[in-house]
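Single-structure report; data block below.
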Amino acid sequence: MLKHPGMKYYNINNHREKVSFRQSVLQGAASGKGLYFPERIPAFTREELVGMKGLDLPDLAARVLYDFVGDDFTPAGLSEICREAFNFPIPLVEVEDRVYGLELYHGPSLAFKDVGARFLSEVLKRFSGELNGQITVLVATSGDTGSAVAQSFLNVEGIRVVLLYPSGKVSKLQEKTLTAVKGNVQALEVEGSFDDCQRLVKQAFADEDLASRMTLTSANSINVGRFLPQSVYYFWAWSQLDHKEQEDLIISVPSGNYGNLSAGLMAWKMGLPVKKFVASSNINRVVPDYLETGKYQPRQAVATLSNAMDVGDPSNFVRITEIFDHDHNAITEHVRYYVVGDDQTRQAIAEISSEKGYVLDPHGAVGYLGCKAHLEPGQTGIFLETAHPAKFYQTVEECIGDRITIPGDLQNVLNREKNSRLMKADYSEFKELLLRRSR
């Protein structure tokens, strides 16, 4: 795959607005609450895909992302970033015959968000040195994004992080990983839902007065610097399979804000031979309903065991429609759906632990069930295991009837003091907090 210099990113809401990779990362979101999208999606040949099989994870990441960084990084510079970001294992574990769990939770915060957050952090470290003044990174989180960003950006010079999370709607351990950090990281506990947190962040990016007074960017998957590196582990998973398994593959993605599924579909557009993707959802089924009816109707999110997927108006849905040129039939040809309730989630965690000796977290359980529901004879299935089960130890232990080991770092977090500020889901209050800290 030859490099095309100067990759540009256009605003999905206004295709005439085009920026460089650097600008898209620093801005986070496009004007008018739009998202950036690459003006072209480069494709790998079959021979190039086969050649990835011998690469280690950082080299594979640099290969996949090379064309997307435009002229902003040299090959050596991108390689250095990937060495720093992709420095933990992502094992593909066979749970049962030809059904694999891709364990994305071996990074610092024990969740898949570490992949994109660490890459974005390394990129912003390099960009921040070129700016006068501080970069403020805004993050709306339903649990795992916030802890991954907090770990990735902690004490990074020139960068301030503001995390917004819904009060009472994240697990105890998730909340501690969000709030037990200080320094350049501030946690805001919002009286509302994740959608309220996301709305406040989007309002901040659309506020021209705020933009004139501070440099804002996002570490949510709306930022291409976090969204694109998530496509890497789809290539990595495929490269771990044998030739026969590679030929007839489906991938089930636990889905809430749909950045993860969007990244998988980007990998498919880049040439990765995946027969179909499964959007595995809890009862917050806005996108499954769209797949079924062709109508997209946001609604208030409902709290579930798989709380990171409790989203009623997923931001990255527009990237999915963009990938398929807004053709509903094309989307449903390649993307299936499966909806899972809490009782099914509990049952799957219990049964897989008992029968297979494998412990799922609630999100992985949803992904597993979606994979099994759509797996046809002779096919290979991969489901994404997006968070360590210990992050939901109370739920998981109730399901399996046994204690699970909480990794040392998480155990230490439980003993730390919560450090957050409670606020209403009110934009004027949020804006004042941002400006107060920047003075």
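Residues in the structure tokens are named by chain (A, B, ... in the order shown) and by number from 1 within that chain; ligands are numbered from 1 in the order shown.
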- Message: Could you list, as a ChimeraX atom specification, every residue within 10 Å of region 61-67 of chain A, counting only C-alpha atoms and ignoring same-chain residues fewer than 6 positions away?
- Response: /A:1-7,40-44,48-49,52,55,73-83,85-86,228-233,235-236,267,270
Selected residues written out with N, CA and C atoms, as an mmCIF file, in the first residue's frame:
data_model
loop_
_atom_site.group_PDB
_atom_site.id
_atom_site.type_symbol
_atom_site.label_atom_id
_atom_site.label_comp_id
_atom_site.auth_asym_id
_atom_site.auth_seq_id
_atom_site.Cartn_x
_atom_site.Cartn_y
_atom_site.Cartn_z
ATOM 1 N N MET A 1 0.856 -1.192 0.000
ATOM 2 C CA MET A 1 0.000 0.000 0.000
ATOM 3 C C MET A 1 0.891 1.241 0.000
ATOM 4 N N LEU A 2 0.812 2.047 -1.037
ATOM 5 C CA LEU A 2 1.632 3.242 -1.136
ATOM 6 C C LEU A 2 1.038 4.369 -0.311
ATOM 7 N N LYS A 3 1.907 5.142 0.280
ATOM 8 C CA LYS A 3 1.454 6.275 1.093
ATOM 9 C C LYS A 3 0.978 7.417 0.191
ATOM 10 N N HIS A 4 -0.173 7.973 0.536
ATOM 11 C CA HIS A 4 -0.676 9.163 -0.129
ATOM 12 C C HIS A 4 -0.364 10.344 0.789
ATOM 13 N N PRO A 5 0.534 11.226 0.395
ATOM 14 C CA PRO A 5 0.895 12.324 1.293
ATOM 15 C C PRO A 5 -0.270 13.261 1.537
ATOM 16 N N GLY A 6 -0.286 13.815 2.742
ATOM 17 C CA GLY A 6 -1.251 14.845 3.058
ATOM 18 C C GLY A 6 -2.678 14.367 3.192
ATOM 19 N N MET A 7 -2.901 13.238 3.869
ATOM 20 C CA MET A 7 -4.264 12.780 4.110
ATOM 21 C C MET A 7 -5.075 13.885 4.768
ATOM 22 N N ARG A 40 -10.225 9.462 2.143
ATOM 23 C CA ARG A 40 -10.129 8.193 1.419
ATOM 24 C C ARG A 40 -9.729 7.110 2.408
ATOM 25 N N ILE A 41 -10.114 5.892 2.119
ATOM 26 C CA ILE A 41 -9.765 4.756 2.971
ATOM 27 C C ILE A 41 -8.847 3.847 2.159
ATOM 28 N N PRO A 42 -7.557 3.853 2.461
ATOM 29 C CA PRO A 42 -6.623 3.033 1.684
ATOM 30 C C PRO A 42 -6.881 1.552 1.907
ATOM 31 N N ALA A 43 -6.587 0.738 0.897
ATOM 32 C CA ALA A 43 -6.858 -0.705 0.977
ATOM 33 C C ALA A 43 -5.566 -1.502 0.857
ATOM 34 N N PHE A 44 -5.465 -2.549 1.676
ATOM 35 C CA PHE A 44 -4.344 -3.480 1.604
ATOM 36 C C PHE A 44 -4.671 -4.613 0.640
ATOM 37 N N GLU A 48 -0.268 -8.104 1.162
ATOM 38 C CA GLU A 48 0.136 -7.221 2.254
ATOM 39 C C GLU A 48 -0.462 -7.664 3.581
ATOM 40 N N LEU A 49 -1.697 -8.134 3.557
ATOM 41 C CA LEU A 49 -2.317 -8.641 4.776
ATOM 42 C C LEU A 49 -1.575 -9.873 5.293
ATOM 43 N N MET A 52 1.542 -9.162 7.181
ATOM 44 C CA MET A 52 1.420 -8.656 8.549
ATOM 45 C C MET A 52 1.569 -9.769 9.590
ATOM 46 N N LEU A 55 4.599 -9.679 11.829
ATOM 47 C CA LEU A 55 4.925 -8.444 12.543
ATOM 48 C C LEU A 55 4.509 -8.516 14.001
ATOM 49 N N PHE A 73 3.795 12.934 10.600
ATOM 50 C CA PHE A 73 4.823 12.119 11.246
ATOM 51 C C PHE A 73 5.591 11.349 10.190
ATOM 52 N N THR A 74 6.879 11.232 10.397
ATOM 53 C CA THR A 74 7.699 10.380 9.551
ATOM 54 C C THR A 74 7.420 8.918 9.912
ATOM 55 N N PRO A 75 7.797 7.975 9.055
ATOM 56 C CA PRO A 75 7.645 6.565 9.425
ATOM 57 C C PRO A 75 8.321 6.236 10.754
ATOM 58 N N ALA A 76 9.504 6.803 10.981
ATOM 59 C CA ALA A 76 10.204 6.540 12.239
ATOM 60 C C ALA A 76 9.445 7.151 13.417
ATOM 61 N N GLY A 77 8.886 8.354 13.214
ATOM 62 C CA GLY A 77 8.115 8.993 14.279
ATOM 63 C C GLY A 77 6.862 8.218 14.620
ATOM 64 N N LEU A 78 6.154 7.723 13.610
ATOM 65 C CA LEU A 78 4.961 6.922 13.848
ATOM 66 C C LEU A 78 5.322 5.612 14.538
ATOM 67 N N SER A 79 6.426 5.015 14.128
ATOM 68 C CA SER A 79 6.870 3.774 14.757
ATOM 69 C C SER A 79 7.154 3.980 16.243
ATOM 70 N N GLU A 80 7.767 5.109 16.573
ATOM 71 C CA GLU A 80 8.060 5.422 17.980
ATOM 72 C C GLU A 80 6.764 5.579 18.784
ATOM 73 N N ILE A 81 5.787 6.267 18.197
ATOM 74 C CA ILE A 81 4.496 6.433 18.860
ATOM 75 C C ILE A 81 3.860 5.082 19.122
ATOM 76 N N CYS A 82 3.863 4.206 18.133
ATOM 77 C CA CYS A 82 3.225 2.894 18.270
ATOM 78 C C CYS A 82 3.957 2.018 19.283
ATOM 79 N N ARG A 83 5.279 2.165 19.381
ATOM 80 C CA ARG A 83 6.037 1.411 20.392
ATOM 81 C C ARG A 83 5.616 1.823 21.794
ATOM 82 N N ALA A 85 2.642 3.305 22.581
ATOM 83 C CA ALA A 85 1.203 3.114 22.797
ATOM 84 C C ALA A 85 0.808 1.649 22.885
ATOM 85 N N PHE A 86 1.310 0.826 21.989
ATOM 86 C CA PHE A 86 0.929 -0.587 21.921
ATOM 87 C C PHE A 86 1.961 -1.442 22.661
ATOM 88 N N LEU A 228 -9.215 5.824 15.076
ATOM 89 C CA LEU A 228 -8.476 5.059 14.071
ATOM 90 C C LEU A 228 -7.590 3.958 14.646
ATOM 91 N N PRO A 229 -6.835 4.192 15.744
ATOM 92 C CA PRO A 229 -5.974 3.105 16.243
ATOM 93 C C PRO A 229 -6.746 1.876 16.710
ATOM 94 N N GLN A 230 -8.046 2.026 16.981
ATOM 95 C CA GLN A 230 -8.826 0.858 17.377
ATOM 96 C C GLN A 230 -8.991 -0.132 16.218
ATOM 97 N N SER A 231 -8.792 0.323 14.990
ATOM 98 C CA SER A 231 -8.872 -0.607 13.858
ATOM 99 C C SER A 231 -7.706 -1.595 13.865
ATOM 100 N N VAL A 232 -6.627 -1.231 14.571
ATOM 101 C CA VAL A 232 -5.420 -2.062 14.556
ATOM 102 C C VAL A 232 -5.690 -3.448 15.096
ATOM 103 N N TYR A 233 -6.440 -3.561 16.207
ATOM 104 C CA TYR A 233 -6.564 -4.885 16.818
ATOM 105 C C TYR A 233 -7.461 -5.830 16.039
ATOM 106 N N PHE A 235 -6.988 -6.165 12.707
ATOM 107 C CA PHE A 235 -5.936 -6.764 11.887
ATOM 108 C C PHE A 235 -5.102 -7.733 12.719
ATOM 109 N N TRP A 236 -4.804 -7.345 13.959
ATOM 110 C CA TRP A 236 -3.992 -8.187 14.844
ATOM 111 C C TRP A 236 -4.695 -9.522 15.111
ATOM 112 N N ALA A 267 -11.525 -1.255 9.246
ATOM 113 C CA ALA A 267 -10.570 -2.316 8.924
ATOM 114 C C ALA A 267 -11.073 -3.150 7.751
ATOM 115 N N MET A 270 -10.580 -1.423 4.611
ATOM 116 C CA MET A 270 -9.165 -1.418 4.258
ATOM 117 C C MET A 270 -8.710 -2.765 3.714
#
- Query: Got a sec to tell me which of region 323-428 of chain A DSSP assigns to strand (DSSP E or B), as a PyMOL selection string?
  - Reply: chain A and resi 335-339+380-385+387+420-424
Keeping N, CA and C atoms, export the residues of the selection given above as a JSON list (two decimals), in the first residue's frame.
[["chain", "number", "residue", "atom", "x", "y", "z"],
["A", 335, "VAL", "N", -23.60, -5.84, 8.40],
["A", 335, "VAL", "CA", -23.72, -5.70, 9.85],
["A", 335, "VAL", "C", -25.03, -6.32, 10.31],
["A", 336, "ARG", "N", -24.92, -7.29, 11.22],
["A", 336, "ARG", "CA", -26.10, -7.88, 11.86],
["A", 336, "ARG", "C", -26.20, -7.31, 13.28],
["A", 337, "TYR", "N", -27.25, -7.67, 13.98],
["A", 337, "TYR", "CA", -27.38, -7.18, 15.35],
["A", 337, "TYR", "C", -27.90, -8.29, 16.25],
["A", 338, "TYR", "N", -27.66, -8.12, 17.54],
["A", 338, "TYR", "CA", -28.19, -9.02, 18.55],
["A", 338, "TYR", "C", -28.36, -8.22, 19.83],
["A", 339, "VAL", "N", -29.52, -8.34, 20.46],
["A", 339, "VAL", "CA", -29.84, -7.57, 21.65],
["A", 339, "VAL", "C", -29.93, -8.50, 22.85],
["A", 380, "THR", "N", -15.60, -19.19, 11.77],
["A", 380, "THR", "CA", -14.85, -18.83, 12.96],
["A", 380, "THR", "C", -15.42, -17.53, 13.50],
["A", 381, "GLY", "N", -15.58, -17.46, 14.81],
["A", 381, "GLY", "CA", -16.13, -16.26, 15.44],
["A", 381, "GLY", "C", -15.16, -15.66, 16.44],
["A", 382, "ILE", "N", -15.07, -14.34, 16.41],
["A", 382, "ILE", "CA", -14.30, -13.59, 17.41],
["A", 382, "ILE", "C", -15.26, -12.62, 18.09],
["A", 383, "PHE", "N", -15.23, -12.58, 19.41],
["A", 383, "PHE", "CA", -15.95, -11.54, 20.13],
["A", 383, "PHE", "C", -14.94, -10.72, 20.93],
["A", 384, "LEU", "N", -15.22, -9.45, 21.07],
["A", 384, "LEU", "CA", -14.29, -8.57, 21.78],
["A", 384, "LEU", "C", -14.59, -8.62, 23.27],
["A", 385, "GLU", "N", -13.56, -8.89, 24.05],
["A", 385, "GLU", "CA", -13.64, -8.81, 25.52],
["A", 385, "GLU", "C", -13.04, -7.47, 25.89],
["A", 387, "ALA", "N", -13.28, -5.37, 28.71],
["A", 387, "ALA", "CA", -12.86, -4.91, 30.04],
["A", 387, "ALA", "C", -12.57, -6.13, 30.91],
["A", 420, "SER", "N", -13.81, 14.02, 43.15],
["A", 420, "SER", "CA", -14.62, 14.50, 42.04],
["A", 420, "SER", "C", -15.49, 15.66, 42.49],
["A", 421, "ARG", "N", -16.07, 16.34, 41.52],
["A", 421, "ARG", "CA", -16.99, 17.44, 41.81],
["A", 421, "ARG", "C", -18.35, 17.10, 41.22],
["A", 422, "LEU", "N", -19.39, 17.15, 42.05],
["A", 422, "LEU", "CA", -20.75, 16.89, 41.61],
["A", 422, "LEU", "C", -21.30, 18.14, 40.92],
["A", 423, "MET", "N", -21.94, 17.97, 39.77],
["A", 423, "MET", "CA", -22.51, 19.10, 39.06],
["A", 423, "MET", "C", -23.79, 18.67, 38.34],
["A", 424, "LYS", "N", -24.64, 19.63, 38.06],
["A", 424, "LYS", "CA", -25.85, 19.36, 37.30],
["A", 424, "LYS", "C", -25.50, 19.25, 35.82]]
- Item | Within 9 Å of region 238-252 of chain A using only C-alpha atoms, minus same-chain residues under 4 positions, as a ChimeraX atom specification | /A:49-50,52-54,91-92,98,233-234,261,264,272-280,337,366-372,374-375,378-384
- Message: Using only C-alpha atoms, can you tell me which of A:Ile12, A:Val19, A:Val25, A:Val185 comes closest to Arg319 (chain A)?
- Response: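 Comparing A:Ile12, A:Val19, A:Val25, A:Val185 against Arg319 (chain A), the winner is A:Ile12.
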- Query: Which of these residues is nearest to Asp207 (chain A), using only C-alpha atoms: A:Gly32, A:Leu163, A:His388, A:Lys418?
  - Reply: A:Gly32
Using only C-alpha atoms, find each residue in region 67-96 of chain A having at least one atom no more than 10 Å away from region 103-106 of chain A; report its shortest atom-to-atom pair and that distance in Å (one decimal), rows by chain then rising number, as JSON lines.
{"residue": "A:Asn87", "atom": "CA", "partner": "A:His106", "partner_atom": "CA", "distance": 9.8}
{"residue": "A:Phe88", "atom": "CA", "partner": "A:His106", "partner_atom": "CA", "distance": 6.3}
{"residue": "A:Pro89", "atom": "CA", "partner": "A:His106", "partner_atom": "CA", "distance": 6.2}
{"residue": "A:Ile90", "atom": "CA", "partner": "A:Leu104", "partner_atom": "CA", "distance": 5.5}
{"residue": "A:Pro91", "atom": "CA", "partner": "A:Glu103", "partner_atom": "CA", "distance": 5.6}
{"residue": "A:Leu92", "atom": "CA", "partner": "A:Glu103", "partner_atom": "CA", "distance": 6.3}
{"residue": "A:Val93", "atom": "CA", "partner": "A:Glu103", "partner_atom": "CA", "distance": 7.3}
Selected residues written out with N, CA and C atoms, as a CSV table (one decimal), in the first residue's frame:
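Output saved as again15.csv:
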chain,number,residue,atom,x,y,z
A,87,ASN,N,2.1,-1.2,23.9
A,87,ASN,CA,3.2,-1.8,24.7
A,87,ASN,C,2.6,-2.8,25.7
A,88,PHE,N,1.4,-3.4,25.4
A,88,PHE,CA,0.8,-4.4,26.3
A,88,PHE,C,0.2,-5.5,25.4
A,89,PRO,N,0.1,-6.7,25.8
A,89,PRO,CA,-0.4,-7.8,25.0
A,89,PRO,C,-1.9,-7.7,24.7
A,90,ILE,N,-2.3,-8.2,23.5
A,90,ILE,CA,-3.7,-8.3,23.1
A,90,ILE,C,-3.9,-9.7,22.7
A,91,PRO,N,-4.1,-10.7,23.6
A,91,PRO,CA,-4.2,-12.1,23.2
A,91,PRO,C,-5.5,-12.5,22.6
A,92,LEU,N,-5.5,-13.4,21.7
A,92,LEU,CA,-6.7,-14.0,21.1
A,92,LEU,C,-6.8,-15.4,21.8
A,93,VAL,N,-7.9,-15.6,22.6
A,93,VAL,CA,-8.0,-16.8,23.5
A,93,VAL,C,-9.2,-17.6,22.9
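CA of Arg160 (chain A) is found 15.7 Å from CA of Phe205 (chain A).
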- Would you mind listing what lies within 9 Å of Asp361 (chain A) as a list in words, with only C-alpha atoms counted and same-chain residues fewer than 6 positions away left out?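 Result of the neighbour search: Ser306, Ile349, Glu385, Thr386, Ala387, His388, Pro389, Ala390, Lys391, Phe392, Tyr393, Thr395 and Val396 of chain A.
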Dump of C-alpha atoms for the selected residues, as a compact mmCIF listing (two decimals), in the first residue's frame:
# COMPACT_ATOMS: atom_id res chain seq x y z
CA SER A 306 -23.09 -3.58 30.73
CA ILE A 349 -21.25 -15.32 32.57
CA GLU A 385 -13.64 -8.81 25.52
CA THR A 386 -13.48 -5.12 26.27
CA ALA A 387 -12.86 -4.91 30.04
CA HIS A 388 -11.29 -7.04 32.76
CA PRO A 389 -14.02 -8.91 34.69
CA ALA A 390 -12.52 -7.58 37.93
CA LYS A 391 -13.80 -4.11 37.00
CA PHE A 392 -17.27 -5.57 37.58
CA TYR A 393 -16.29 -7.98 40.32
CA THR A 395 -21.69 -8.68 39.33
CA VAL A 396 -19.29 -11.34 38.08
- Task: Identify, on the basis of only C-alpha atoms, every residue whose closest approach to Ala301 (chain A) does not exceed 6 Å; exclude the query and any residue fewer than 3 positions from it along the same chain; express the result as a list in words.
- Result: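 My reading of the contact set: Asp310, Val311 and Gly312 of chain A.
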- Task: Please report, as a PyMOL selection string, each residue of region 237-411 of chain A to which DSSP assigns alpha helix (DSSP H) when run on this structure's backbone.
- Result: chain A and resi 237-240+243-247+259-269+286-293+317-323+328-334+342-356+362-374+393-400+408-411
- Message: List the spatial neighbours of Asn307 (chain A) as an MDAnalysis selection string - criterion: any atom at most 8 Å away, only C-alpha atoms, same-chain residues fewer than 5 positions off excluded.
- Response: chainID A and resid 142:143 169:170
Create the file for the chosen residues now, containing C-alpha atoms and written as a compact mmCIF listing (two decimals), in the first residue's frame.
# COMPACT_ATOMS: atom_id res chain seq x y z
CA SER A 142 -19.72 5.77 30.74
CA GLY A 143 -16.92 4.16 32.72
CA LYS A 169 -24.22 4.82 36.65
CA VAL A 170 -20.69 3.39 36.69
- Query: What lies within 8 Å of Thr141 (chain A) using only C-alpha atoms, ignoring chain neighbours under 2 positions off, as a PyMOL selection string?
  - Reply: chain A and resi 139+143-146+163-166+194+197-198+220+308
